[in-house]
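Enquirer: Sharing upload.cif, mmCIF, N, CA and C atoms:
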data_data
loop_
_atom_site.label_atom_id
_atom_site.label_comp_id
_atom_site.auth_asym_id
_atom_site.auth_seq_id
_atom_site.Cartn_x
_atom_site.Cartn_y
_atom_site.Cartn_z
N THR A 24 -38.96 16.78 36.65
CA THR A 24 -38.76 15.52 37.33
C THR A 24 -38.43 15.79 38.79
N ASP A 25 -39.17 15.17 39.68
CA ASP A 25 -38.93 15.33 41.11
C ASP A 25 -37.81 14.38 41.53
N VAL A 26 -36.69 14.95 41.97
CA VAL A 26 -35.54 14.14 42.38
C VAL A 26 -35.34 14.18 43.90
N ASN A 27 -36.29 14.77 44.59
CA ASN A 27 -36.14 14.93 46.03
C ASN A 27 -36.75 13.76 46.79
N VAL A 28 -36.11 13.42 47.91
CA VAL A 28 -36.62 12.38 48.79
C VAL A 28 -37.40 13.07 49.90
N PRO A 29 -38.66 12.71 50.14
CA PRO A 29 -39.43 13.37 51.20
C PRO A 29 -38.87 13.07 52.58
N ASP A 30 -39.22 13.95 53.53
CA ASP A 30 -38.84 13.69 54.92
C ASP A 30 -39.35 12.32 55.32
N GLN A 31 -38.51 11.61 56.06
CA GLN A 31 -38.88 10.28 56.51
C GLN A 31 -38.92 10.29 58.03
N GLY A 32 -40.05 10.00 58.59
CA GLY A 32 -40.18 10.00 60.03
C GLY A 32 -40.53 8.62 60.55
N ASN A 33 -39.74 8.12 61.46
CA ASN A 33 -39.99 6.82 62.08
C ASN A 33 -39.93 6.99 63.59
N TRP A 34 -40.51 6.05 64.32
CA TRP A 34 -40.49 6.15 65.77
C TRP A 34 -39.07 6.12 66.32
N TYR A 35 -38.15 5.51 65.60
CA TYR A 35 -36.77 5.39 66.09
C TYR A 35 -35.85 6.47 65.53
N GLN A 36 -36.39 7.49 64.89
CA GLN A 36 -35.56 8.58 64.37
C GLN A 36 -34.98 9.39 65.53
N ASP A 37 -33.76 9.81 65.38
CA ASP A 37 -33.05 10.61 66.38
C ASP A 37 -32.90 9.87 67.71
N VAL A 38 -32.66 8.57 67.62
CA VAL A 38 -32.43 7.74 68.80
C VAL A 38 -31.11 7.01 68.62
N GLY A 39 -30.34 6.94 69.68
CA GLY A 39 -29.08 6.21 69.63
C GLY A 39 -28.88 5.40 70.89
N ILE A 40 -28.03 4.40 70.79
CA ILE A 40 -27.68 3.59 71.95
C ILE A 40 -26.18 3.34 71.90
N ALA A 41 -25.55 3.44 73.05
CA ALA A 41 -24.10 3.26 73.14
C ALA A 41 -23.76 2.18 74.16
N PHE A 42 -22.72 1.45 73.86
CA PHE A 42 -22.15 0.48 74.80
C PHE A 42 -20.73 0.96 75.08
N ILE A 43 -20.50 1.41 76.32
CA ILE A 43 -19.24 2.06 76.67
C ILE A 43 -18.53 1.28 77.77
N ASN A 44 -17.23 1.11 77.61
CA ASN A 44 -16.39 0.43 78.59
C ASN A 44 -15.42 1.43 79.19
N GLU A 45 -15.49 1.62 80.51
CA GLU A 45 -14.55 2.52 81.19
C GLU A 45 -13.19 1.85 81.30
N LEU A 46 -12.17 2.53 80.78
CA LEU A 46 -10.80 2.03 80.90
C LEU A 46 -10.15 2.53 82.18
N SER A 47 -10.58 3.73 82.62
CA SER A 47 -10.11 4.35 83.85
C SER A 47 -11.18 5.37 84.25
N PRO A 48 -11.02 6.06 85.36
CA PRO A 48 -12.03 7.06 85.73
C PRO A 48 -12.19 8.18 84.69
N ASN A 49 -11.15 8.41 83.88
CA ASN A 49 -11.22 9.49 82.89
C ASN A 49 -11.43 9.01 81.45
N HIS A 50 -11.05 7.81 81.12
CA HIS A 50 -11.06 7.34 79.73
C HIS A 50 -12.05 6.19 79.53
N ALA A 51 -12.78 6.28 78.39
CA ALA A 51 -13.72 5.21 78.04
C ALA A 51 -13.79 5.08 76.53
N VAL A 52 -14.07 3.88 76.07
CA VAL A 52 -14.24 3.61 74.64
C VAL A 52 -15.52 2.80 74.47
N GLY A 53 -16.05 2.82 73.25
CA GLY A 53 -17.26 2.05 73.02
C GLY A 53 -17.73 2.11 71.59
N ILE A 54 -18.92 1.57 71.39
CA ILE A 54 -19.56 1.63 70.08
C ILE A 54 -20.93 2.27 70.28
N GLU A 55 -21.39 2.94 69.24
CA GLU A 55 -22.69 3.60 69.31
C GLU A 55 -23.38 3.43 67.97
N LEU A 56 -24.69 3.26 68.00
CA LEU A 56 -25.46 3.18 66.77
C LEU A 56 -26.78 3.90 66.98
N GLY A 57 -27.34 4.34 65.86
CA GLY A 57 -28.58 5.08 65.96
C GLY A 57 -29.18 5.37 64.61
N SER A 58 -30.16 6.25 64.61
CA SER A 58 -30.86 6.64 63.40
C SER A 58 -31.18 8.12 63.48
N GLU A 59 -30.95 8.85 62.40
CA GLU A 59 -31.34 10.25 62.34
C GLU A 59 -31.37 10.71 60.89
N SER A 60 -31.96 11.87 60.68
CA SER A 60 -32.05 12.41 59.32
C SER A 60 -30.96 13.46 59.12
N PHE A 61 -30.53 13.58 57.88
CA PHE A 61 -29.51 14.56 57.50
C PHE A 61 -30.00 15.32 56.28
N ALA A 62 -29.96 16.64 56.34
CA ALA A 62 -30.31 17.46 55.19
C ALA A 62 -29.18 17.37 54.18
N GLN A 63 -29.50 16.93 52.97
CA GLN A 63 -28.51 16.81 51.91
C GLN A 63 -28.89 17.77 50.78
N VAL A 64 -27.97 18.65 50.44
CA VAL A 64 -28.16 19.58 49.32
C VAL A 64 -26.92 19.44 48.44
N PHE A 65 -27.12 19.01 47.19
CA PHE A 65 -26.00 18.81 46.29
C PHE A 65 -26.47 18.95 44.85
N GLU A 66 -25.51 19.10 43.95
CA GLU A 66 -25.82 19.26 42.53
C GLU A 66 -25.14 18.17 41.72
N GLY A 67 -25.75 17.86 40.59
CA GLY A 67 -25.18 16.87 39.69
C GLY A 67 -25.70 17.08 38.28
N GLY A 68 -25.04 16.46 37.34
CA GLY A 68 -25.44 16.59 35.95
C GLY A 68 -26.38 15.48 35.54
N ARG A 69 -27.33 15.82 34.67
CA ARG A 69 -28.25 14.85 34.13
C ARG A 69 -28.73 15.33 32.76
N ASN A 70 -28.43 14.55 31.74
CA ASN A 70 -28.80 14.91 30.36
C ASN A 70 -28.29 16.30 29.97
N GLY A 71 -27.08 16.61 30.40
CA GLY A 71 -26.47 17.90 30.05
C GLY A 71 -26.94 19.07 30.88
N GLN A 72 -27.78 18.84 31.87
CA GLN A 72 -28.27 19.92 32.72
C GLN A 72 -27.76 19.72 34.14
N THR A 73 -27.62 20.82 34.87
CA THR A 73 -27.25 20.75 36.27
C THR A 73 -28.53 20.74 37.09
N ILE A 74 -28.65 19.73 37.94
CA ILE A 74 -29.84 19.58 38.78
C ILE A 74 -29.42 19.69 40.24
N ARG A 75 -30.18 20.45 40.99
CA ARG A 75 -29.94 20.60 42.44
C ARG A 75 -30.84 19.61 43.17
N TYR A 76 -30.23 18.79 44.01
CA TYR A 76 -30.96 17.80 44.80
C TYR A 76 -31.08 18.31 46.23
N GLU A 77 -32.25 18.21 46.79
CA GLU A 77 -32.48 18.54 48.21
C GLU A 77 -33.27 17.40 48.80
N GLN A 78 -32.71 16.76 49.81
CA GLN A 78 -33.38 15.63 50.43
C GLN A 78 -33.00 15.55 51.90
N ARG A 79 -33.81 14.86 52.64
CA ARG A 79 -33.58 14.70 54.09
C ARG A 79 -33.89 13.25 54.47
N PRO A 80 -33.06 12.33 54.01
CA PRO A 80 -33.34 10.92 54.33
C PRO A 80 -32.97 10.58 55.77
N ASN A 81 -33.72 9.65 56.31
CA ASN A 81 -33.41 9.09 57.62
C ASN A 81 -32.48 7.90 57.39
N THR A 82 -31.40 7.83 58.15
CA THR A 82 -30.44 6.74 57.94
C THR A 82 -29.94 6.19 59.26
N MET A 83 -29.61 4.93 59.24
CA MET A 83 -28.97 4.28 60.39
C MET A 83 -27.48 4.64 60.34
N TRP A 84 -26.87 4.84 61.50
CA TRP A 84 -25.43 5.11 61.58
C TRP A 84 -24.86 4.26 62.71
N TRP A 85 -23.55 4.11 62.69
CA TRP A 85 -22.82 3.35 63.70
C TRP A 85 -21.42 3.94 63.78
N GLY A 86 -20.74 3.69 64.90
CA GLY A 86 -19.38 4.18 65.01
C GLY A 86 -18.70 3.76 66.30
N ALA A 87 -17.41 4.02 66.33
CA ALA A 87 -16.59 3.79 67.51
C ALA A 87 -16.40 5.13 68.21
N LEU A 88 -16.42 5.12 69.53
CA LEU A 88 -16.30 6.39 70.25
C LEU A 88 -15.22 6.32 71.31
N TYR A 89 -14.76 7.51 71.65
CA TYR A 89 -13.82 7.71 72.76
C TYR A 89 -14.42 8.82 73.63
N ARG A 90 -14.46 8.60 74.93
CA ARG A 90 -14.98 9.63 75.85
C ARG A 90 -13.93 9.95 76.91
N TYR A 91 -13.75 11.25 77.15
CA TYR A 91 -12.88 11.70 78.23
C TYR A 91 -13.75 12.40 79.26
N SER A 92 -13.70 11.94 80.50
CA SER A 92 -14.43 12.55 81.60
C SER A 92 -13.46 13.38 82.41
N PHE A 93 -13.85 14.61 82.72
CA PHE A 93 -12.95 15.55 83.38
C PHE A 93 -12.92 15.43 84.89
N GLY A 94 -13.74 14.60 85.48
CA GLY A 94 -13.78 14.48 86.94
C GLY A 94 -14.92 15.31 87.49
N SER A 95 -15.38 14.95 88.67
CA SER A 95 -16.52 15.62 89.29
C SER A 95 -16.24 17.09 89.56
N LEU A 96 -17.30 17.89 89.45
CA LEU A 96 -17.20 19.32 89.77
C LEU A 96 -17.30 19.46 91.29
N GLY A 97 -16.17 19.66 91.92
CA GLY A 97 -16.14 19.75 93.39
C GLY A 97 -16.62 18.46 94.02
N LYS A 98 -17.54 18.59 94.97
CA LYS A 98 -18.09 17.40 95.64
C LYS A 98 -19.49 17.07 95.12
N THR A 99 -19.77 17.50 93.90
CA THR A 99 -21.09 17.25 93.32
C THR A 99 -21.09 15.95 92.53
N ALA A 100 -22.27 15.58 92.03
CA ALA A 100 -22.43 14.38 91.21
C ALA A 100 -22.39 14.72 89.72
N PHE A 101 -21.90 15.93 89.38
CA PHE A 101 -21.82 16.38 87.98
C PHE A 101 -20.41 16.19 87.43
N THR A 102 -20.32 15.57 86.26
CA THR A 102 -19.03 15.31 85.63
C THR A 102 -19.07 15.76 84.16
N PRO A 103 -18.29 16.78 83.79
CA PRO A 103 -18.23 17.17 82.38
C PRO A 103 -17.46 16.13 81.56
N PHE A 104 -17.83 16.01 80.29
CA PHE A 104 -17.14 15.06 79.41
C PHE A 104 -17.06 15.60 77.99
N ALA A 105 -16.12 15.04 77.23
CA ALA A 105 -15.98 15.32 75.79
C ALA A 105 -15.91 13.96 75.10
N GLN A 106 -16.52 13.88 73.93
CA GLN A 106 -16.60 12.59 73.25
C GLN A 106 -16.41 12.79 71.75
N ALA A 107 -15.72 11.87 71.11
CA ALA A 107 -15.53 11.87 69.66
C ALA A 107 -15.99 10.53 69.10
N LEU A 108 -16.67 10.57 67.96
CA LEU A 108 -17.16 9.35 67.32
C LEU A 108 -16.74 9.39 65.85
N ALA A 109 -16.25 8.27 65.35
CA ALA A 109 -15.96 8.10 63.92
C ALA A 109 -16.75 6.89 63.46
N GLY A 110 -17.54 7.08 62.41
CA GLY A 110 -18.38 5.98 61.97
C GLY A 110 -18.83 6.13 60.54
N GLY A 111 -19.97 5.55 60.25
CA GLY A 111 -20.45 5.59 58.88
C GLY A 111 -21.95 5.35 58.77
N THR A 112 -22.46 5.57 57.56
CA THR A 112 -23.85 5.33 57.20
C THR A 112 -23.87 4.68 55.83
N GLN A 113 -25.05 4.41 55.32
CA GLN A 113 -25.15 3.88 53.97
C GLN A 113 -24.74 4.92 52.93
N TYR A 114 -24.69 6.20 53.32
CA TYR A 114 -24.32 7.27 52.39
C TYR A 114 -22.84 7.59 52.40
N GLY A 115 -22.17 7.37 53.53
CA GLY A 115 -20.76 7.69 53.63
C GLY A 115 -20.31 7.82 55.07
N PRO A 116 -19.08 8.33 55.28
CA PRO A 116 -18.53 8.44 56.63
C PRO A 116 -19.21 9.53 57.46
N LEU A 117 -19.13 9.34 58.78
CA LEU A 117 -19.78 10.24 59.72
C LEU A 117 -18.81 10.54 60.85
N GLY A 118 -18.76 11.79 61.29
CA GLY A 118 -17.95 12.18 62.44
C GLY A 118 -18.79 13.01 63.39
N ARG A 119 -18.55 12.85 64.69
CA ARG A 119 -19.35 13.59 65.67
C ARG A 119 -18.48 13.97 66.86
N LEU A 120 -18.61 15.21 67.32
CA LEU A 120 -17.97 15.67 68.56
C LEU A 120 -19.08 16.09 69.52
N THR A 121 -18.97 15.63 70.76
CA THR A 121 -19.99 15.91 71.77
C THR A 121 -19.31 16.44 73.02
N GLY A 122 -19.91 17.44 73.62
CA GLY A 122 -19.47 17.95 74.91
C GLY A 122 -20.68 18.07 75.81
N GLY A 123 -20.55 17.66 77.06
CA GLY A 123 -21.71 17.72 77.93
C GLY A 123 -21.38 17.46 79.37
N ILE A 124 -22.41 17.16 80.11
CA ILE A 124 -22.26 16.91 81.53
C ILE A 124 -23.09 15.68 81.89
N GLN A 125 -22.53 14.86 82.77
CA GLN A 125 -23.22 13.66 83.25
C GLN A 125 -23.53 13.86 84.72
N TYR A 126 -24.77 13.59 85.09
CA TYR A 126 -25.21 13.69 86.48
C TYR A 126 -25.47 12.28 87.00
N SER A 127 -24.72 11.89 88.03
CA SER A 127 -24.83 10.55 88.60
C SER A 127 -25.22 10.67 90.07
N PRO A 128 -26.52 10.77 90.36
CA PRO A 128 -26.95 11.03 91.75
C PRO A 128 -26.62 9.89 92.70
N THR A 129 -26.94 8.66 92.33
CA THR A 129 -26.67 7.52 93.19
C THR A 129 -26.91 6.23 92.41
N GLY A 130 -26.25 5.19 92.80
CA GLY A 130 -26.46 3.90 92.15
C GLY A 130 -25.98 3.88 90.71
N PRO A 131 -26.53 2.97 89.91
CA PRO A 131 -26.04 2.79 88.55
C PRO A 131 -26.65 3.74 87.51
N LEU A 132 -27.55 4.62 87.91
CA LEU A 132 -28.26 5.47 86.96
C LEU A 132 -27.61 6.84 86.82
N SER A 133 -27.44 7.29 85.57
CA SER A 133 -26.90 8.62 85.28
C SER A 133 -27.76 9.29 84.23
N PHE A 134 -27.69 10.61 84.18
CA PHE A 134 -28.40 11.40 83.17
C PHE A 134 -27.38 12.26 82.44
N ILE A 135 -27.57 12.42 81.13
CA ILE A 135 -26.59 13.11 80.29
C ILE A 135 -27.27 14.24 79.54
N LEU A 136 -26.59 15.39 79.46
CA LEU A 136 -27.07 16.53 78.68
C LEU A 136 -25.86 17.15 78.00
N GLY A 137 -25.97 17.44 76.71
CA GLY A 137 -24.83 18.01 76.01
C GLY A 137 -25.19 18.57 74.65
N PHE A 138 -24.17 19.03 73.96
CA PHE A 138 -24.30 19.58 72.60
C PHE A 138 -23.37 18.80 71.70
N GLU A 139 -23.77 18.66 70.43
CA GLU A 139 -22.94 17.90 69.51
C GLU A 139 -22.94 18.54 68.13
N GLY A 140 -21.83 18.31 67.45
CA GLY A 140 -21.69 18.70 66.05
C GLY A 140 -21.39 17.45 65.25
N THR A 141 -22.14 17.26 64.15
CA THR A 141 -22.02 16.05 63.34
C THR A 141 -21.80 16.44 61.89
N VAL A 142 -20.98 15.69 61.19
CA VAL A 142 -20.78 15.89 59.75
C VAL A 142 -20.92 14.55 59.05
N LEU A 143 -21.80 14.52 58.06
CA LEU A 143 -21.95 13.35 57.19
C LEU A 143 -21.34 13.71 55.84
N ALA A 144 -20.44 12.90 55.35
CA ALA A 144 -19.84 13.10 54.02
C ALA A 144 -20.43 12.06 53.07
N TYR A 145 -20.72 12.47 51.84
CA TYR A 145 -21.28 11.55 50.86
C TYR A 145 -20.82 11.95 49.47
N LYS A 146 -20.80 10.99 48.60
CA LYS A 146 -20.28 11.18 47.25
C LYS A 146 -21.42 11.05 46.23
N PHE A 147 -21.45 11.96 45.27
CA PHE A 147 -22.42 11.88 44.18
C PHE A 147 -21.71 12.27 42.89
N GLN A 148 -21.77 11.42 41.91
CA GLN A 148 -21.12 11.64 40.62
C GLN A 148 -19.65 12.05 40.79
N ASP A 149 -18.92 11.26 41.58
CA ASP A 149 -17.48 11.46 41.83
C ASP A 149 -17.14 12.78 42.49
N GLN A 150 -18.09 13.41 43.17
CA GLN A 150 -17.84 14.65 43.90
C GLN A 150 -18.32 14.48 45.33
N TRP A 151 -17.51 14.94 46.30
CA TRP A 151 -17.86 14.81 47.71
C TRP A 151 -18.66 16.02 48.19
N PHE A 152 -19.65 15.76 49.04
CA PHE A 152 -20.47 16.79 49.66
C PHE A 152 -20.54 16.48 51.15
N THR A 153 -20.90 17.48 51.96
CA THR A 153 -21.04 17.26 53.39
C THR A 153 -22.37 17.82 53.88
N SER A 154 -22.86 17.25 54.95
CA SER A 154 -24.07 17.72 55.63
C SER A 154 -23.74 17.93 57.10
N PRO A 155 -23.34 19.14 57.48
CA PRO A 155 -23.06 19.39 58.90
C PRO A 155 -24.34 19.71 59.66
N LYS A 156 -24.35 19.39 60.94
CA LYS A 156 -25.48 19.76 61.78
C LYS A 156 -25.04 19.91 63.22
N LEU A 157 -25.73 20.80 63.93
CA LEU A 157 -25.51 21.01 65.36
C LEU A 157 -26.76 20.57 66.09
N GLY A 158 -26.59 20.04 67.28
CA GLY A 158 -27.76 19.59 68.01
C GLY A 158 -27.51 19.46 69.49
N MET A 159 -28.58 19.19 70.19
CA MET A 159 -28.52 18.95 71.62
C MET A 159 -28.75 17.46 71.83
N THR A 160 -28.07 16.89 72.78
CA THR A 160 -28.25 15.48 73.08
C THR A 160 -28.57 15.32 74.56
N TYR A 161 -29.40 14.36 74.85
CA TYR A 161 -29.74 14.06 76.22
C TYR A 161 -30.05 12.58 76.33
N GLY A 162 -29.91 12.05 77.52
CA GLY A 162 -30.18 10.63 77.66
C GLY A 162 -29.97 10.14 79.07
N MET A 163 -29.99 8.83 79.14
CA MET A 163 -29.87 8.17 80.42
C MET A 163 -28.85 7.04 80.25
N ALA A 164 -28.07 6.80 81.28
CA ALA A 164 -27.08 5.72 81.24
C ALA A 164 -27.30 4.80 82.44
N VAL A 165 -27.11 3.50 82.19
CA VAL A 165 -27.18 2.51 83.25
C VAL A 165 -25.85 1.77 83.27
N ARG A 166 -25.18 1.78 84.42
CA ARG A 166 -23.89 1.12 84.57
C ARG A 166 -24.07 -0.30 85.10
N PHE A 167 -23.38 -1.24 84.52
CA PHE A 167 -23.44 -2.63 84.98
C PHE A 167 -22.15 -3.01 85.66
#
Show how you would write the structure in this file as structure tokens.
Expert:
Amino acid sequence: TDVNVPDQGNWYQDVGIAFINELSPNHAVGIELGSESFAQVFEGGRNGQTIRYEQRPNTMWWGALYRYSFGSLGKTAFTPFAQALAGGTQYGPLGRLTGGIQYSPTGPLSFILGFEGTVLAYKFQDQWFTSPKLGMTYGMAVRF
């Protein structure tokens, strides 16, 4: 019996959008939502047998975030930041830590490059499993 879910690819996979409110030059809070796939490997019992499940479903996620900006590097337009997100998916809770740099050359436009670590926790047959992943993040920000 095939118990695996095939890879799911959509045009909006691995895309996120955040709405962030600056509380001060260093502190910001916001909400973020997106879609991405998570490799899930777990075991469970079925008809007295242990079955190993391997799947990579694409799921929507959402969460609340906090961002700390460290201030500009000298007199440049580069600002390092650290960000934490706590949220969830249809499978279970999600946590993400991001570290990166924001480049704000002029006006309301900024560019972001960083690295992130994400953990998705999910429950199957009363047992918890996790799907950790590391990745690179990049994007663009528009300030209003």
Enquirer: Can you list, as a PyMOL selection string, every protein, DNA or RNA residue that comes within 6 Å of A:Thr160 when you count all atoms listed in the file, leaving out same-chain residues fewer than 6 positions away?
Expert: chain A and resi 135-139
Enquirer: Write to file, as a short mmCIF file (atom, residue, chain, number, x, y, z; two decimals), in the coordinates of the input, the residues of the selection just made, with N, CA and C atoms.
Expert:
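Below is the file that was written, selection.cif:
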data_model
loop_
_atom_site.label_atom_id
_atom_site.label_comp_id
_atom_site.auth_asym_id
_atom_site.auth_seq_id
_atom_site.Cartn_x
_atom_site.Cartn_y
_atom_site.Cartn_z
N ILE A 135 -27.57 12.42 81.13
CA ILE A 135 -26.59 13.11 80.29
C ILE A 135 -27.27 14.24 79.54
N LEU A 136 -26.59 15.39 79.46
CA LEU A 136 -27.07 16.53 78.68
C LEU A 136 -25.86 17.15 78.00
N GLY A 137 -25.97 17.44 76.71
CA GLY A 137 -24.83 18.01 76.01
C GLY A 137 -25.19 18.57 74.65
N PHE A 138 -24.17 19.03 73.96
CA PHE A 138 -24.30 19.58 72.60
C PHE A 138 -23.37 18.80 71.70
N GLU A 139 -23.77 18.66 70.43
CA GLU A 139 -22.94 17.90 69.51
C GLU A 139 -22.94 18.54 68.13
#
Enquirer: Could you write out as an MDAnalysis selection string the residues that the PyMOL selection byres ((chain A and resi 39) around 6.5) matches in the shown file?
Expert: chainID A and resid 37:38 40:41 56:58
Enquirer: Rank nothing, just name the residue among A:Leu132, A:Pro116, A:Val142, A:Pro155 nearest to A:Phe167, using only N, CA and C atoms.
Expert: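 Of A:Leu132, A:Pro116, A:Val142, A:Pro155, the one nearest A:Phe167 is A:Leu132, counting only N, CA and C atoms.
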Enquirer: I need the residues of chain A that end up classed as strand (DSSP E or B) by DSSP on the backbone, written out as a PyMOL selection string.
Expert: chain A and resi 38-45+50-60+63-69+72-78+81-92+101-112+116-129+132-147+150-165
Enquirer: Taking the file as shown, what set of residues would the PyMOL selection byres (((chain A and resi 112 and name CA) around 10) and name CA) give back, as a VMD selection string?
Expert: chain A and resid 56 to 58 82 to 86 110 to 111 113 to 117 143 to 145
Enquirer: Could you take the residues named above and write them with N, CA and C atoms, as a PDB file, in the coordinates of the input?
Expert:
ATOM      1  N   LEU A  56     -24.690   3.260  68.000  1.00  0.00           N
ATOM      2  CA  LEU A  56     -25.460   3.180  66.770  1.00  0.00           C
ATOM      3  C   LEU A  56     -26.780   3.900  66.980  1.00  0.00           C
ATOM      4  N   GLY A  57     -27.340   4.340  65.860  1.00  0.00           N
ATOM      5  CA  GLY A  57     -28.580   5.080  65.960  1.00  0.00           C
ATOM      6  C   GLY A  57     -29.180   5.370  64.610  1.00  0.00           C
ATOM      7  N   SER A  58     -30.160   6.250  64.610  1.00  0.00           N
ATOM      8  CA  SER A  58     -30.860   6.640  63.400  1.00  0.00           C
ATOM      9  C   SER A  58     -31.180   8.120  63.480  1.00  0.00           C
ATOM     10  N   THR A  82     -31.400   7.830  58.150  1.00  0.00           N
ATOM     11  CA  THR A  82     -30.440   6.740  57.940  1.00  0.00           C
ATOM     12  C   THR A  82     -29.940   6.190  59.260  1.00  0.00           C
ATOM     13  N   MET A  83     -29.610   4.930  59.240  1.00  0.00           N
ATOM     14  CA  MET A  83     -28.970   4.280  60.390  1.00  0.00           C
ATOM     15  C   MET A  83     -27.480   4.640  60.340  1.00  0.00           C
ATOM     16  N   TRP A  84     -26.870   4.840  61.500  1.00  0.00           N
ATOM     17  CA  TRP A  84     -25.430   5.110  61.580  1.00  0.00           C
ATOM     18  C   TRP A  84     -24.860   4.260  62.710  1.00  0.00           C
ATOM     19  N   TRP A  85     -23.550   4.110  62.690  1.00  0.00           N
ATOM     20  CA  TRP A  85     -22.820   3.350  63.700  1.00  0.00           C
ATOM     21  C   TRP A  85     -21.420   3.940  63.780  1.00  0.00           C
ATOM     22  N   GLY A  86     -20.740   3.690  64.900  1.00  0.00           N
ATOM     23  CA  GLY A  86     -19.380   4.180  65.010  1.00  0.00           C
ATOM     24  C   GLY A  86     -18.700   3.760  66.300  1.00  0.00           C
ATOM     25  N   GLY A 110     -17.540   7.080  62.410  1.00  0.00           N
ATOM     26  CA  GLY A 110     -18.380   5.980  61.970  1.00  0.00           C
ATOM     27  C   GLY A 110     -18.830   6.130  60.540  1.00  0.00           C
ATOM     28  N   GLY A 111     -19.970   5.550  60.250  1.00  0.00           N
ATOM     29  CA  GLY A 111     -20.450   5.590  58.880  1.00  0.00           C
ATOM     30  C   GLY A 111     -21.950   5.350  58.770  1.00  0.00           C
ATOM     31  N   GLN A 113     -25.050   4.410  55.320  1.00  0.00           N
ATOM     32  CA  GLN A 113     -25.150   3.880  53.970  1.00  0.00           C
ATOM     33  C   GLN A 113     -24.740   4.920  52.930  1.00  0.00           C
ATOM     34  N   TYR A 114     -24.690   6.200  53.320  1.00  0.00           N
ATOM     35  CA  TYR A 114     -24.320   7.270  52.390  1.00  0.00           C
ATOM     36  C   TYR A 114     -22.840   7.590  52.400  1.00  0.00           C
ATOM     37  N   GLY A 115     -22.170   7.370  53.530  1.00  0.00           N
ATOM     38  CA  GLY A 115     -20.760   7.690  53.630  1.00  0.00           C
ATOM     39  C   GLY A 115     -20.310   7.820  55.070  1.00  0.00           C
ATOM     40  N   PRO A 116     -19.080   8.330  55.280  1.00  0.00           N
ATOM     41  CA  PRO A 116     -18.530   8.440  56.630  1.00  0.00           C
ATOM     42  C   PRO A 116     -19.210   9.530  57.460  1.00  0.00           C
ATOM     43  N   LEU A 117     -19.130   9.340  58.780  1.00  0.00           N
ATOM     44  CA  LEU A 117     -19.780  10.240  59.720  1.00  0.00           C
ATOM     45  C   LEU A 117     -18.810  10.540  60.850  1.00  0.00           C
ATOM     46  N   LEU A 143     -21.800  14.520  58.060  1.00  0.00           N
ATOM     47  CA  LEU A 143     -21.950  13.350  57.190  1.00  0.00           C
ATOM     48  C   LEU A 143     -21.340  13.710  55.840  1.00  0.00           C
ATOM     49  N   ALA A 144     -20.440  12.900  55.350  1.00  0.00           N
ATOM     50  CA  ALA A 144     -19.840  13.100  54.020  1.00  0.00           C
ATOM     51  C   ALA A 144     -20.430  12.060  53.070  1.00  0.00           C
ATOM     52  N   TYR A 145     -20.720  12.470  51.840  1.00  0.00           N
ATOM     53  CA  TYR A 145     -21.280  11.550  50.860  1.00  0.00           C
ATOM     54  C   TYR A 145     -20.820  11.950  49.470  1.00  0.00           C
TER      55      TYR A 145
END
Enquirer: Take the PyMOL selection byres ((chain A and resi 52) around 5), apply it to the structure above, and return the hits as a list of chain:residue names.
Expert: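 Applying the PyMOL selection byres ((chain A and resi 52) around 5) to the structure shown produces A:Ile43, A:Asn44, A:His50, A:Ala51, A:Gly53, A:Ile54, A:Leu88, A:Tyr89, A:Arg90.
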Enquirer: Pick the closest to A:Leu157 from A:Ser133, A:Gly122, A:Ala87, A:Pro103: which is it, counting only C-alpha atoms?
Expert: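 Nearest candidate to A:Leu157 out of A:Ser133, A:Gly122, A:Ala87, A:Pro103: A:Gly122.
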Enquirer: How many Å lie between atom CA of A:Glu55 and atom CA of A:Arg119, rounded to one decimal?
Expert: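 Taking atom CA of A:Glu55 as the start and atom CA of A:Arg119 as the end point, the length is 11.1 Å.
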Enquirer: What's the separation between atom N of A:Met159 and atom N of A:Phe104, in Å to one decimal place?
Expert: 15.1 Å
Enquirer: May I ask which of the residues A:Gln78, A:Asn70, A:Thr99, A:Ser92 is the closest one to A:Tyr126, counting only C-alpha atoms?
Expert: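 Looking only at the distances to A:Tyr126, the closest residue turns out to be A:Thr99.
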